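J.: Here you go, start-v3.txt (compact mmCIF, C-alpha atoms):
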```txt
# COMPACT_ATOMS: atom_id res chain seq x y z
CA MET U 1443 45.93 27.49 -11.93
CA PRO U 1444 45.08 24.01 -10.67
CA ASP U 1445 47.54 21.26 -11.58
CA LYS U 1446 46.92 19.30 -14.75
CA ILE U 1447 46.45 15.60 -14.10
CA THR U 1448 45.75 12.47 -16.12
CA ILE U 1449 43.08 9.98 -15.10
CA SER U 1450 41.42 7.06 -16.83
CA ILE U 1451 37.66 6.60 -17.08
CA ASN U 1452 36.43 3.27 -18.47
CA GLY U 1453 39.87 2.68 -19.96
CA THR U 1454 40.08 6.03 -21.76
CA GLU U 1455 42.80 8.44 -20.74
CA ILE U 1456 41.50 11.88 -19.85
CA LYS U 1457 43.47 15.03 -19.10
CA THR U 1458 41.82 17.23 -16.52
CA GLU U 1459 42.51 19.43 -13.51
CA GLU U 1460 42.72 18.78 -9.80
CA GLY U 1461 39.81 19.83 -7.61
CA LYS U 1462 37.04 18.54 -9.85
CA SER U 1463 34.64 15.75 -8.96
CA ILE U 1464 34.53 12.54 -10.97
CA LEU U 1465 30.98 13.48 -11.96
CA SER U 1466 31.94 16.86 -13.39
CA VAL U 1467 34.87 15.36 -15.33
CA CYS U 1468 32.48 12.73 -16.73
CA LYS U 1469 30.02 15.46 -17.73
CA GLU U 1470 32.74 17.40 -19.54
CA ASN U 1471 33.64 14.26 -21.45
CA ASP U 1472 30.09 13.20 -22.31
CA ILE U 1473 30.14 10.16 -20.04
CA HIS U 1474 26.62 9.87 -18.65
CA ILE U 1475 26.34 8.71 -15.03
CA PRO U 1476 22.81 8.29 -13.59
CA VAL U 1477 22.32 10.66 -10.66
CA MET U 1478 19.35 12.04 -8.73
CA CYS U 1479 20.55 14.10 -5.76
CA HIS U 1480 23.01 16.15 -7.80
CA PHE U 1481 21.72 19.52 -8.98
CA PRO U 1482 23.96 21.91 -10.95
CA GLY U 1483 25.22 24.64 -8.64
CA LEU U 1484 24.19 23.06 -5.34
CA THR U 1485 26.67 21.42 -2.98
CA ASP U 1486 26.93 17.69 -3.67
CA VAL U 1487 26.14 15.42 -0.74
CA GLY U 1488 26.14 11.89 -2.21
CA ALA U 1489 22.64 11.12 -0.96
CA CYS U 1490 21.13 9.03 -3.75
CA ARG U 1491 24.14 6.69 -4.28
CA LEU U 1492 23.26 6.22 -7.96
CA CYS U 1493 26.55 7.70 -9.18
CA LEU U 1494 28.67 5.12 -7.32
CA CYS U 1495 31.82 4.23 -9.26
CA GLU U 1496 34.61 1.70 -8.97
CA VAL U 1497 38.03 3.22 -8.37
CA LYS U 1498 41.05 0.95 -8.67
CA GLY U 1499 42.74 0.42 -5.33
CA TYR U 1500 39.63 1.10 -3.24
CA ASN U 1501 37.56 -1.82 -1.97
CA LYS U 1502 34.55 0.47 -1.53
CA LEU U 1503 32.43 2.07 -4.22
CA LEU U 1504 32.79 5.85 -4.31
CA PRO U 1505 30.12 8.39 -5.26
CA ALA U 1506 31.21 10.29 -8.37
CA CYS U 1507 29.63 13.54 -7.18
CA THR U 1508 31.62 13.90 -3.96
CA THR U 1509 34.88 12.17 -4.93
CA LEU U 1510 37.57 14.43 -6.35
CA VAL U 1511 39.79 13.23 -9.15
CA ALA U 1512 43.46 12.59 -8.44
CA GLU U 1513 46.53 11.82 -10.54
CA ASN U 1514 46.45 8.36 -12.19
CA MET U 1515 43.02 7.49 -10.84
CA GLU U 1516 41.46 4.58 -12.71
CA ILE U 1517 37.68 4.81 -12.69
CA GLN U 1518 34.98 2.47 -13.95
CA THR U 1519 31.49 3.96 -14.24
CA HIS U 1520 29.40 1.30 -16.00
CA THR U 1521 30.45 -2.21 -14.93
CA GLU U 1522 27.79 -4.93 -14.72
CA LYS U 1523 28.02 -4.77 -10.92
CA LEU U 1524 27.35 -1.02 -10.89
CA LYS U 1525 24.43 -1.36 -13.30
CA GLU U 1526 22.85 -3.99 -11.08
CA TYR U 1527 23.43 -1.89 -7.95
CA ARG U 1528 21.83 1.13 -9.62
CA ARG U 1529 18.77 -0.92 -10.42
CA VAL U 1530 18.62 -2.16 -6.83
CA ILE U 1531 18.87 1.43 -5.55
CA VAL U 1532 15.98 2.60 -7.73
CA GLU U 1533 13.88 -0.41 -6.68
CA MET U 1534 14.59 0.51 -3.06
CA PHE U 1535 13.32 4.05 -3.68
CA PHE U 1536 10.08 2.55 -4.91
CA SER U 1537 9.73 0.02 -2.09
CA GLU U 1538 10.59 2.46 0.71
CA ARG U 1539 7.70 4.89 0.28
CA ASN U 1540 4.53 4.98 -1.77
CA HIS U 1541 5.16 5.95 -5.35
CA MET U 1542 1.78 5.54 -6.96
CA CYS U 1543 2.43 7.03 -10.37
CA SER U 1544 -1.17 6.77 -11.49
CA ILE U 1545 -2.39 9.30 -8.94
CA CYS U 1546 0.79 11.40 -8.70
CA VAL U 1547 0.98 14.99 -9.95
CA ALA U 1548 4.44 14.32 -11.39
CA ASN U 1549 3.41 11.34 -13.52
CA THR U 1550 5.28 11.45 -16.88
CA ASN U 1551 7.28 14.47 -15.67
CA CYS U 1552 9.24 12.66 -12.99
CA GLU U 1553 12.95 12.04 -12.69
CA LEU U 1554 12.34 8.89 -10.65
CA GLN U 1555 10.20 7.39 -13.42
CA ASP U 1556 12.83 8.34 -15.99
CA MET U 1557 15.52 6.81 -13.82
CA ALA U 1558 13.55 3.56 -13.43
CA THR U 1559 13.32 3.34 -17.20
CA GLU U 1560 16.99 4.22 -17.60
CA VAL U 1561 18.28 1.55 -15.23
CA GLY U 1562 15.92 -1.05 -16.70
CA MET U 1563 13.65 -1.54 -13.71
CA GLN U 1564 10.49 -3.43 -14.65
CA HIS U 1565 9.29 -4.37 -11.21
CA VAL U 1566 10.36 -4.05 -7.59
CA ARG U 1567 11.97 -7.22 -6.28
CA PHE U 1568 11.82 -6.14 -2.63
CA PRO U 1569 8.79 -6.16 -0.36
CA PHE U 1570 7.08 -2.78 -0.10
CA LEU U 1571 7.45 -1.17 3.33
CA ASN U 1572 3.97 0.42 3.07
CA GLN U 1573 4.99 3.23 5.41
CA GLU U 1574 2.18 5.61 6.05
CA CYS U 1575 3.62 9.03 5.19
CA ALA U 1576 2.15 12.42 5.93
CA VAL U 1577 0.96 14.98 3.41
CA ASP U 1578 1.39 18.54 4.68
CA ALA U 1579 -0.93 20.97 2.90
CA SER U 1580 -0.84 23.65 5.61
CA HIS U 1581 1.08 26.11 3.42
CA PRO U 1582 -1.28 28.46 1.56
CA LYS U 1583 0.33 27.80 -1.83
CA TYR U 1584 2.28 24.56 -1.66
CA VAL U 1585 2.08 20.93 -0.58
CA ILE U 1586 4.73 18.48 0.60
CA ASP U 1587 3.83 14.83 0.08
CA HIS U 1588 6.29 12.63 1.97
CA ASN U 1589 4.97 9.55 0.15
CA ARG U 1590 6.87 10.60 -2.97
CA CYS U 1591 10.06 11.90 -1.32
CA ILE U 1592 13.31 10.04 -2.02
CA MET U 1593 15.42 12.10 0.42
CA CYS U 1594 17.66 13.57 -2.27
CA THR U 1595 17.68 16.77 -0.14
CA ARG U 1596 17.79 19.06 -3.17
CA CYS U 1597 15.02 21.15 -1.56
CA VAL U 1598 17.03 21.44 1.65
CA ARG U 1599 20.09 22.64 -0.24
CA VAL U 1600 18.36 25.04 -2.62
CA CYS U 1601 16.50 26.64 0.31
CA SER U 1602 19.67 27.07 2.31
CA GLU U 1603 22.22 27.84 -0.42
CA VAL U 1604 20.24 29.81 -2.99
CA GLU U 1605 17.26 31.29 -1.18
CA GLY U 1606 19.17 31.59 2.09
CA ALA U 1607 16.06 30.79 4.13
CA HIS U 1608 16.92 27.28 5.39
CA ASN U 1609 13.30 26.39 6.01
CA TRP U 1610 13.95 22.74 5.14
CA ASP U 1611 16.06 20.29 7.08
CA VAL U 1612 16.18 16.57 7.78
CA LYS U 1613 15.19 14.62 10.88
CA ASN U 1614 15.84 10.99 11.85
CA ARG U 1615 17.90 8.39 10.01
CA GLY U 1616 17.41 5.50 7.62
CA TYR U 1617 13.92 4.91 6.37
CA ASN U 1618 12.56 7.08 9.19
CA ALA U 1619 14.30 10.13 7.77
CA ARG U 1620 11.98 12.96 6.79
CA VAL U 1621 12.36 16.44 5.37
CA ILE U 1622 11.08 18.91 7.96
CA SER U 1623 10.02 22.53 7.93
CA ASP U 1624 11.69 24.67 10.62
CA PHE U 1625 11.68 22.62 13.87
CA ASP U 1626 9.39 19.90 12.49
CA GLN U 1627 6.41 22.22 12.39
CA PRO U 1628 3.64 22.40 9.81
CA TRP U 1629 4.93 24.15 6.68
CA GLY U 1630 2.15 26.73 6.90
CA GLU U 1631 3.46 27.86 10.31
CA SER U 1632 7.04 28.29 9.11
CA GLU U 1633 8.72 31.57 10.06
CA THR U 1634 11.60 31.07 7.64
CA CYS U 1635 9.81 30.01 4.44
CA THR U 1636 9.62 32.88 1.96
CA SER U 1637 7.18 31.01 -0.32
CA CYS U 1638 9.66 31.45 -3.19
CA GLY U 1639 8.91 28.03 -4.68
CA LYS U 1640 12.52 27.08 -5.46
CA CYS U 1641 12.14 23.73 -3.69
CA LEU U 1642 9.21 22.85 -5.95
CA ASN U 1643 11.30 23.34 -9.05
CA VAL U 1644 14.28 21.28 -7.94
CA CYS U 1645 12.22 18.36 -6.57
CA PRO U 1646 12.84 15.38 -8.87
CA THR U 1647 9.56 13.67 -7.99
CA GLY U 1648 6.05 14.67 -7.01
CA ALA U 1649 6.93 15.36 -3.36
CA LEU U 1650 6.69 19.15 -3.61
CA TRP U 1651 4.09 20.89 -5.71
CA ALA U 1652 1.86 23.94 -5.94
CA LYS U 1653 -1.76 23.64 -4.93
CA GLY U 1654 -4.00 23.29 -7.94
CA SER U 1655 -1.65 20.84 -9.68
CA VAL U 1656 -3.55 17.87 -11.02
CA GLN U 1657 -2.50 14.31 -11.74
CA GLY U 1658 0.18 14.05 -14.41
CA LYS U 1659 0.10 17.77 -15.16
CA LEU U 1660 2.86 19.13 -12.94
CA ASP U 1661 5.08 21.80 -14.48
CA LYS U 1662 8.60 22.07 -13.15
CA PHE U 1663 11.28 24.50 -14.23
CA PRO U 1664 14.61 23.29 -12.79
CA GLU U 1665 16.44 25.20 -15.53
CA LYS U 1666 15.24 28.47 -13.97
CA ILE U 1667 17.02 27.58 -10.75
CA THR U 1668 20.18 26.64 -12.67
CA ASP U 1669 19.95 29.97 -14.49
CA LEU U 1670 19.59 31.85 -11.22
CA ILE U 1671 22.54 30.04 -9.66
CA GLU U 1672 24.73 30.83 -12.67
CA LYS U 1673 23.73 34.49 -12.74
CA ARG U 1674 24.37 34.95 -9.04
CA GLY U 1675 27.62 33.04 -9.29
CA ILE U 1676 26.90 30.80 -6.31
CA HIS U 1677 29.16 27.76 -6.15
CA MET T 482 -1.70 -25.19 -33.94
CA LYS T 483 -3.23 -22.02 -32.57
CA LYS T 484 -1.98 -20.80 -29.23
CA LYS T 485 -4.20 -20.25 -26.24
CA ILE T 486 -4.48 -17.01 -24.25
CA ALA T 487 -6.29 -16.33 -21.01
CA THR T 488 -6.84 -13.00 -19.32
CA VAL T 489 -7.63 -12.82 -15.62
CA TRP T 490 -8.67 -10.01 -13.32
CA LEU T 491 -7.79 -10.05 -9.60
CA ALA T 492 -7.73 -7.00 -7.27
CA GLY T 493 -7.96 -4.38 -10.00
CA CYS T 494 -10.51 -2.01 -11.44
CA SER T 495 -10.98 -3.54 -14.93
CA GLY T 496 -9.25 -0.53 -16.49
CA CYS T 497 -6.47 -2.75 -17.84
CA HIS T 498 -9.04 -4.95 -19.57
CA MET T 499 -10.59 -1.83 -21.08
CA SER T 500 -7.13 -1.02 -22.40
CA LEU T 501 -6.91 -4.55 -23.75
CA LEU T 502 -9.95 -3.74 -25.86
CA ASP T 503 -8.20 -0.52 -26.92
CA MET T 504 -6.15 -2.71 -29.22
CA ASP T 505 -9.21 -2.19 -31.45
CA GLU T 506 -9.09 -4.10 -34.72
CA ARG T 507 -5.62 -5.40 -33.92
CA ILE T 508 -7.34 -7.90 -31.64
CA LEU T 509 -8.08 -9.73 -34.91
CA ASP T 510 -4.32 -10.05 -35.51
CA VAL T 511 -4.05 -11.63 -32.07
CA LEU T 512 -6.99 -13.94 -32.75
CA ALA T 513 -5.38 -15.02 -36.02
CA VAL T 514 -2.60 -16.74 -34.07
CA ALA T 515 -4.32 -17.47 -30.76
CA ASP T 516 -7.67 -18.22 -29.14
CA ILE T 517 -8.82 -16.40 -26.02
CA VAL T 518 -9.98 -19.36 -23.93
CA LYS T 519 -10.79 -17.54 -20.70
CA SER T 520 -11.38 -13.91 -19.90
CA PRO T 521 -13.77 -11.71 -17.94
CA ILE T 522 -14.93 -10.39 -21.30
CA VAL T 523 -15.83 -13.84 -22.64
CA ASP T 524 -17.31 -16.86 -20.89
CA GLY T 525 -16.40 -17.88 -17.34
CA LYS T 526 -14.87 -21.31 -17.58
CA LYS T 527 -12.17 -23.13 -15.65
CA LEU T 528 -8.69 -22.20 -16.77
CA PRO T 529 -7.30 -24.90 -19.10
CA GLU T 530 -3.58 -25.23 -19.92
CA VAL T 531 -2.65 -22.10 -21.85
CA ASP T 532 0.36 -20.54 -23.53
CA VAL T 533 -0.07 -17.03 -22.18
CA THR T 534 -2.05 -15.64 -19.26
CA VAL T 535 -2.33 -11.91 -18.81
CA VAL T 536 -3.25 -10.97 -15.24
CA GLU T 537 -4.64 -7.62 -14.17
CA GLY T 538 -4.78 -6.55 -10.52
CA ALA T 539 -2.92 -7.28 -7.32
CA VAL T 540 -3.26 -10.15 -4.87
CA GLY T 541 -5.49 -9.02 -2.01
CA ALA T 542 -7.40 -12.07 -0.75
CA ASP T 543 -7.01 -15.80 -0.02
CA GLU T 544 -8.91 -16.62 -3.17
CA HIS T 545 -6.50 -14.55 -5.26
CA ILE T 546 -3.51 -16.47 -3.88
CA GLU T 547 -5.06 -19.81 -4.84
CA GLU T 548 -6.07 -18.43 -8.22
CA ILE T 549 -2.68 -17.00 -9.12
CA LYS T 550 -0.93 -20.23 -8.09
CA HIS T 551 -3.35 -22.18 -10.28
CA ILE T 552 -2.77 -19.75 -13.15
CA ARG T 553 0.98 -20.17 -12.84
CA LYS T 554 0.60 -23.95 -13.00
CA GLN T 555 -1.57 -23.77 -16.11
CA SER T 556 0.38 -21.12 -18.04
CA LYS T 557 3.63 -21.29 -19.96
CA VAL T 558 4.01 -17.50 -19.85
CA LEU T 559 2.57 -15.24 -17.17
CA VAL T 560 2.27 -11.52 -17.83
CA SER T 561 1.61 -8.89 -15.12
CA LEU T 562 -0.71 -6.34 -16.67
CA GLY T 563 -0.74 -2.85 -15.19
CA ASP T 564 0.51 -1.14 -12.04
CA CYS T 565 -1.72 -3.04 -9.57
CA ALA T 566 -0.28 -6.37 -10.71
CA ILE T 567 3.26 -4.97 -10.72
CA ASN T 568 3.41 -2.89 -7.55
CA GLY T 569 0.00 -2.93 -5.86
CA ASN T 570 -0.78 0.64 -6.88
CA ILE T 571 -4.23 1.90 -5.79
CA SER T 572 -5.29 -1.55 -4.56
CA ALA T 573 -2.38 -1.49 -2.11
CA MET T 574 -3.32 1.87 -0.61
CA ARG T 575 -5.38 0.08 2.01
CA ASN T 576 -2.14 -1.46 3.29
CA PHE T 577 -1.74 1.53 5.64
CA TYR T 578 -4.92 0.58 7.46
CA THR T 579 -6.41 -2.52 9.03
CA VAL T 580 -8.87 -4.50 6.92
CA GLN T 581 -11.65 -3.54 9.32
CA ASP T 582 -10.87 0.18 8.98
CA ALA T 583 -10.78 -0.10 5.20
CA LEU T 584 -14.13 -1.89 5.12
CA GLU T 585 -15.71 0.61 7.48
CA ARG T 586 -14.44 3.51 5.41
CA SER T 587 -15.83 1.97 2.22
CA TYR T 588 -19.14 0.60 3.37
CA ALA T 589 -20.11 2.31 6.62
CA ASP T 590 -18.53 5.78 6.85
CA SER T 591 -18.74 6.65 3.18
CA ASP T 592 -20.55 9.95 2.58
CA THR T 593 -22.60 8.52 -0.24
CA ASN T 594 -23.81 5.51 1.71
CA ASP T 595 -27.24 5.97 3.37
CA ALA T 596 -27.62 2.38 4.56
CA PRO T 597 -24.27 1.46 6.11
CA GLN T 598 -23.61 -2.26 6.16
CA ILE T 599 -20.33 -4.11 5.85
CA PRO T 600 -20.96 -7.10 3.59
CA GLY T 601 -20.05 -10.39 5.19
CA CYS T 602 -20.92 -13.85 3.97
CA GLU T 603 -18.89 -16.93 3.15
CA ASP T 604 -19.54 -16.66 -0.57
CA ILE T 605 -17.58 -13.45 -0.98
CA LEU T 606 -13.82 -13.38 -0.64
CA THR T 607 -12.03 -12.55 2.59
CA LEU T 608 -9.54 -9.71 2.30
CA ASP T 609 -5.92 -10.33 3.28
CA LYS T 610 -4.12 -7.94 5.62
CA LYS T 611 -1.84 -6.72 2.85
CA VAL T 612 -2.24 -6.32 -0.88
CA VAL T 613 0.87 -7.56 -2.70
CA PRO T 614 2.03 -7.64 -6.32
CA LEU T 615 1.79 -10.89 -8.31
CA HIS T 616 5.52 -11.57 -8.29
CA ASP T 617 5.48 -11.77 -4.48
CA ILE T 618 3.49 -15.02 -4.84
CA VAL T 619 4.53 -16.56 -8.18
CA LYS T 620 7.17 -16.14 -10.86
CA VAL T 621 6.14 -13.57 -13.45
CA ASP T 622 7.69 -13.58 -16.92
CA TYR T 623 6.80 -10.16 -18.33
CA TYR T 624 5.58 -6.86 -16.95
CA ILE T 625 3.43 -4.31 -18.77
CA PRO T 626 3.46 -1.09 -16.70
CA GLY T 627 0.91 1.71 -16.78
CA CYS T 628 -2.33 2.68 -15.10
CA PRO T 629 -3.74 1.55 -17.38
CA PRO T 630 -1.14 0.39 -19.93
CA THR T 631 -1.91 1.62 -23.43
CA GLY T 632 -3.58 -0.65 -25.97
CA ASP T 633 -0.46 -0.21 -28.13
CA MET T 634 1.80 -1.53 -25.38
CA ILE T 635 -0.45 -4.53 -24.67
CA PHE T 636 -0.67 -5.39 -28.35
CA TYR T 637 3.10 -5.05 -28.74
CA VAL T 638 3.81 -7.44 -25.86
CA LEU T 639 1.15 -10.01 -26.87
CA ASN T 640 2.21 -9.91 -30.49
CA GLU T 641 5.86 -10.47 -29.58
CA ILE T 642 5.13 -13.35 -27.22
CA LEU T 643 2.69 -15.06 -29.58
CA ASN T 644 5.23 -14.87 -32.39
CA ASP T 645 7.92 -16.37 -30.15
CA ARG T 646 9.89 -13.18 -29.70
CA VAL T 647 10.97 -11.48 -26.48
CA PRO T 648 9.26 -8.10 -25.92
CA ASP T 649 11.65 -5.26 -25.14
CA LEU T 650 9.72 -2.80 -23.00
CA GLN T 651 12.78 -0.66 -22.50
CA LYS T 652 12.56 0.23 -26.16
CA GLU T 653 8.85 0.95 -25.85
CA GLY T 654 9.21 3.60 -23.14
CA GLY T 655 8.98 1.48 -19.98
CA LEU T 656 7.37 3.20 -16.99
CA LYS T 657 6.71 6.40 -18.93
CA ASN T 658 3.76 4.68 -20.49
CA GLY T 659 0.54 5.63 -18.74
```
Please rewrite the model in this file as structure tokens.
T.:
Amino acid sequence: MPDKITISINGTEIKTEEGKSILSVCKENDIHIPVMCHFPGLTDVGACRLCLCEVKGYNKLLPACTTLVAENMEIQTHTEKLKEYRRVIVEMFFSERNHMCSICVANTNCELQDMATEVGMQHVRFPFLNQECAVDASHPKYVIDHNRCIMCTRCVRVCSEVEGAHNWDVKNRGYNARVISDFDQPWGESETCTSCGKCLNVCPTGALWAKGSVQGKLDKFPEKITDLIEKRGIH
Amino acid sequence: MKKKIATVWLAGCSGCHMSLLDMDERILDVLAVADIVKSPIVDGKKLPEVDVTVVEGAVGADEHIEEIKHIRKQSKVLVSLGDCAINGNISAMRNFYTVQDALERSYADSDTNDAPQIPGCEDILTLDKKVVPLHDIVKVDYYIPGCPPTGDMIFYVLNEILNDRVPDLQKEGGLKNG
């Protein structure tokens, strides 16, 4: 049995166990932290930075998904500073690539749109980078549109950890980072892709979708992936 | 005294103004408290001093920059109407290409064009290299998202502003609209 510990979140004392992340303790206690790269059952990587929290004694902000709780930890999840940072992060998602909701398949069924509403974003205060991003439609069934990708890497993790194919990976750094198929080859030429479609269902935006999807009509079933992970007992 | 409203259309497609008309009979409620003194759907006059200006479309040409600066000077409240005004949207998709390439694609290489000719004369506006949202040039007070925003949303925002209240778009669904 893991050791019982006591921590404080937003001033409330919480009894929990060692080995859990701040995010999972918050979930158990109905404290909602905005998060985009986290997906239940997949390894957390702290990619989106939305779940950043203040922990007393640390001068840096720590991501709730990859930071484990420890005895007497004092955590703040919703300070004014954090709320402002979260808004800045979402605005940066929008300014980095080309999120044109009006012509996007995921319009009105998009976690990025929901997140923008949640953090109170009304416009983007930063200049748009206007990067020209590729759309790879070489796969017979699916499309990857890098314009909409926010580099949460959920597709990379679900492909590797649940499907076991590891078709997806990441190249480059910073705003040049891109999700790649195999060794940066067209998706249609992939030798590892099993065409299972798991990546489509975990994608929070309209970056991955099945051919034939039309604007604003994308169906996604992330709960199916969660179900599968639970049934297989992958953790 | 009745308030004055103006509506202006820059680099957009007029869809937002169509949505403005989707307020239907509620436009009478707006007209009860305010006069529309300038709009593409009424007469083209010079913009007088107004209480509220609603601007559709992004800034994509020299003329637009002058116009939006003039609008800001004349208006107490400036509202960005629709995704083009707020983030460039479709209008900004030519930002990946040079102006010349964009013009050639539209007027010369277009499949439906049997007499290719790029229009060029001093009376028509000159396109800027980049299309930018309104708030890159001037201060914007309120944002109505959507492509196009719904008539309901536009009415809500106008009604709040004209009755000296602050519209809360968060409550109204924010980006989800449209």
J.: Would you kindly report the residues of chain T within 10 Å of chain U, using all atoms listed in the file, as an MDAnalysis selection string?
T.: chainID T and resid 561 564:571 573:578 611:614 616:617 621 623:629 650:652 654:659
J.: Is it possible to get the residues within 9 Å of (23.4, 23.2, 3.3) (coordinates as in the file, counting only C-alpha atoms) written as a ChimeraX atom specification?
T.: /U:1484-1485,1598-1603,1608,1611
J.: Mind giving me the straight-line distance from atom CA of Gly1639 of chain U to atom CA of Tyr1584 of chain U in Å, one decimal?
T.: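 These atoms are spaced 8.1 Å apart.
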J.: Find, counting only C-alpha atoms, the residue in U:Lys1662, U:Lys1673, U:Arg1539, U:Lys1583 that gets nearest to Arg1620 of chain U.
T.: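 Counting only C-alpha atoms, the residue closest to Arg1620 of chain U is U:Arg1539.
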J.: Please compute the atom CA of His1581 of chain U-atom CA of Glu1633 of chain U distance, one decimal, in Å.
T.: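 Spanning atom CA of His1581 of chain U to atom CA of Glu1633 of chain U is a straight-line distance of 11.5 Å.
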J.: Go ahead and compute the interatomic distance for atom CA of Pro521 of chain T and atom CA of Gln581 of chain T, in Å to one decimal.
T.: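 Between atom CA of Pro521 of chain T and atom CA of Gln581 of chain T the gap is 28.5 Å.
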J.: Which residues are close to Asp505 of chain T, i.e. within 10 Å by all atoms listed in the file, leaving aside same-chain residues fewer than 6 positions away? Reply as an MDAnalysis selection string.
T.: chainID T and resid 632:633 636
J.: From the set U:Ser1632, U:Ser1623, U:Gln1518, U:Thr1448, which residue has the shortest atom-to-atom contact distance to Leu1504 of chain U, counting all atoms listed in the file?
T.: U:Gln1518
J.: Excluding Gly1453 of chain U and residues on its chain fewer than 2 positions from it, collect all residues at most 10 Å away from it, counting all atoms listed in the file, and give them as a ChimeraX atom specification.
T.: /U:1449-1451,1455-1456,1516-1518
J.: Let's have the selection written as a short mmCIF file (atom, residue, chain, number, x, y, z; two decimals), in the frame of the given file, with C-alpha atoms.
T.:
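The result, written out as again-v8.cif:
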```cif
data_model
loop_
_atom_site.label_atom_id
_atom_site.label_comp_id
_atom_site.auth_asym_id
_atom_site.auth_seq_id
_atom_site.Cartn_x
_atom_site.Cartn_y
_atom_site.Cartn_z
CA ILE U 1449 43.08 9.98 -15.10
CA SER U 1450 41.42 7.06 -16.83
CA ILE U 1451 37.66 6.60 -17.08
CA GLU U 1455 42.80 8.44 -20.74
CA ILE U 1456 41.50 11.88 -19.85
CA GLU U 1516 41.46 4.58 -12.71
CA ILE U 1517 37.68 4.81 -12.69
CA GLN U 1518 34.98 2.47 -13.95
#
```
J.: Given all atoms listed in the file as the basis, pick out the residue of T:Asp543, T:Leu512, T:Leu562, T:Ala589 nearest to Thr488 of chain T.
T.: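 Going through T:Asp543, T:Leu512, T:Leu562, T:Ala589 one by one, the smallest distance to Thr488 of chain T is for T:Leu562.
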J.: Which residues, protein or nucleic acid, reach to within 12 Å of (-14.8, -10.4, -2.9) in the file's coordinates when using all atoms listed in the file, and can you give that as a VMD selection string?
T.: chain T and resid 491 to 493 540 to 545 584 600 to 609
J.: Write the residues of the selection above to a file with C-alpha atoms, as a PDB file, in the frame of the given file.
T.:
```pdb
ATOM      1  CA  LEU T 491      -7.790 -10.050  -9.600  1.00  0.00           C
ATOM      2  CA  ALA T 492      -7.730  -7.000  -7.270  1.00  0.00           C
ATOM      3  CA  GLY T 493      -7.960  -4.380 -10.000  1.00  0.00           C
ATOM      4  CA  VAL T 540      -3.260 -10.150  -4.870  1.00  0.00           C
ATOM      5  CA  GLY T 541      -5.490  -9.020  -2.010  1.00  0.00           C
ATOM      6  CA  ALA T 542      -7.400 -12.070  -0.750  1.00  0.00           C
ATOM      7  CA  ASP T 543      -7.010 -15.800  -0.020  1.00  0.00           C
ATOM      8  CA  GLU T 544      -8.910 -16.620  -3.170  1.00  0.00           C
ATOM      9  CA  HIS T 545      -6.500 -14.550  -5.260  1.00  0.00           C
ATOM     10  CA  LEU T 584     -14.130  -1.890   5.120  1.00  0.00           C
ATOM     11  CA  PRO T 600     -20.960  -7.100   3.590  1.00  0.00           C
ATOM     12  CA  GLY T 601     -20.050 -10.390   5.190  1.00  0.00           C
ATOM     13  CA  CYS T 602     -20.920 -13.850   3.970  1.00  0.00           C
ATOM     14  CA  GLU T 603     -18.890 -16.930   3.150  1.00  0.00           C
ATOM     15  CA  ASP T 604     -19.540 -16.660  -0.570  1.00  0.00           C
ATOM     16  CA  ILE T 605     -17.580 -13.450  -0.980  1.00  0.00           C
ATOM     17  CA  LEU T 606     -13.820 -13.380  -0.640  1.00  0.00           C
ATOM     18  CA  THR T 607     -12.030 -12.550   2.590  1.00  0.00           C
ATOM     19  CA  LEU T 608      -9.540  -9.710   2.300  1.00  0.00           C
ATOM     20  CA  ASP T 609      -5.920 -10.330   3.280  1.00  0.00           C
TER      21      ASP T 609
END
```
J.: I'd like the contact shell of Leu1494 of chain U - 8 Å cut-off, only C-alpha atoms, skipping same-chain residues fewer than 4 positions apart - returned as a list of chain:residue names.
T.: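 Using only C-alpha atoms, the neighbours found are U:Leu1503, U:Leu1504, U:Pro1505, U:Ala1506, U:Thr1519, U:Leu1524.
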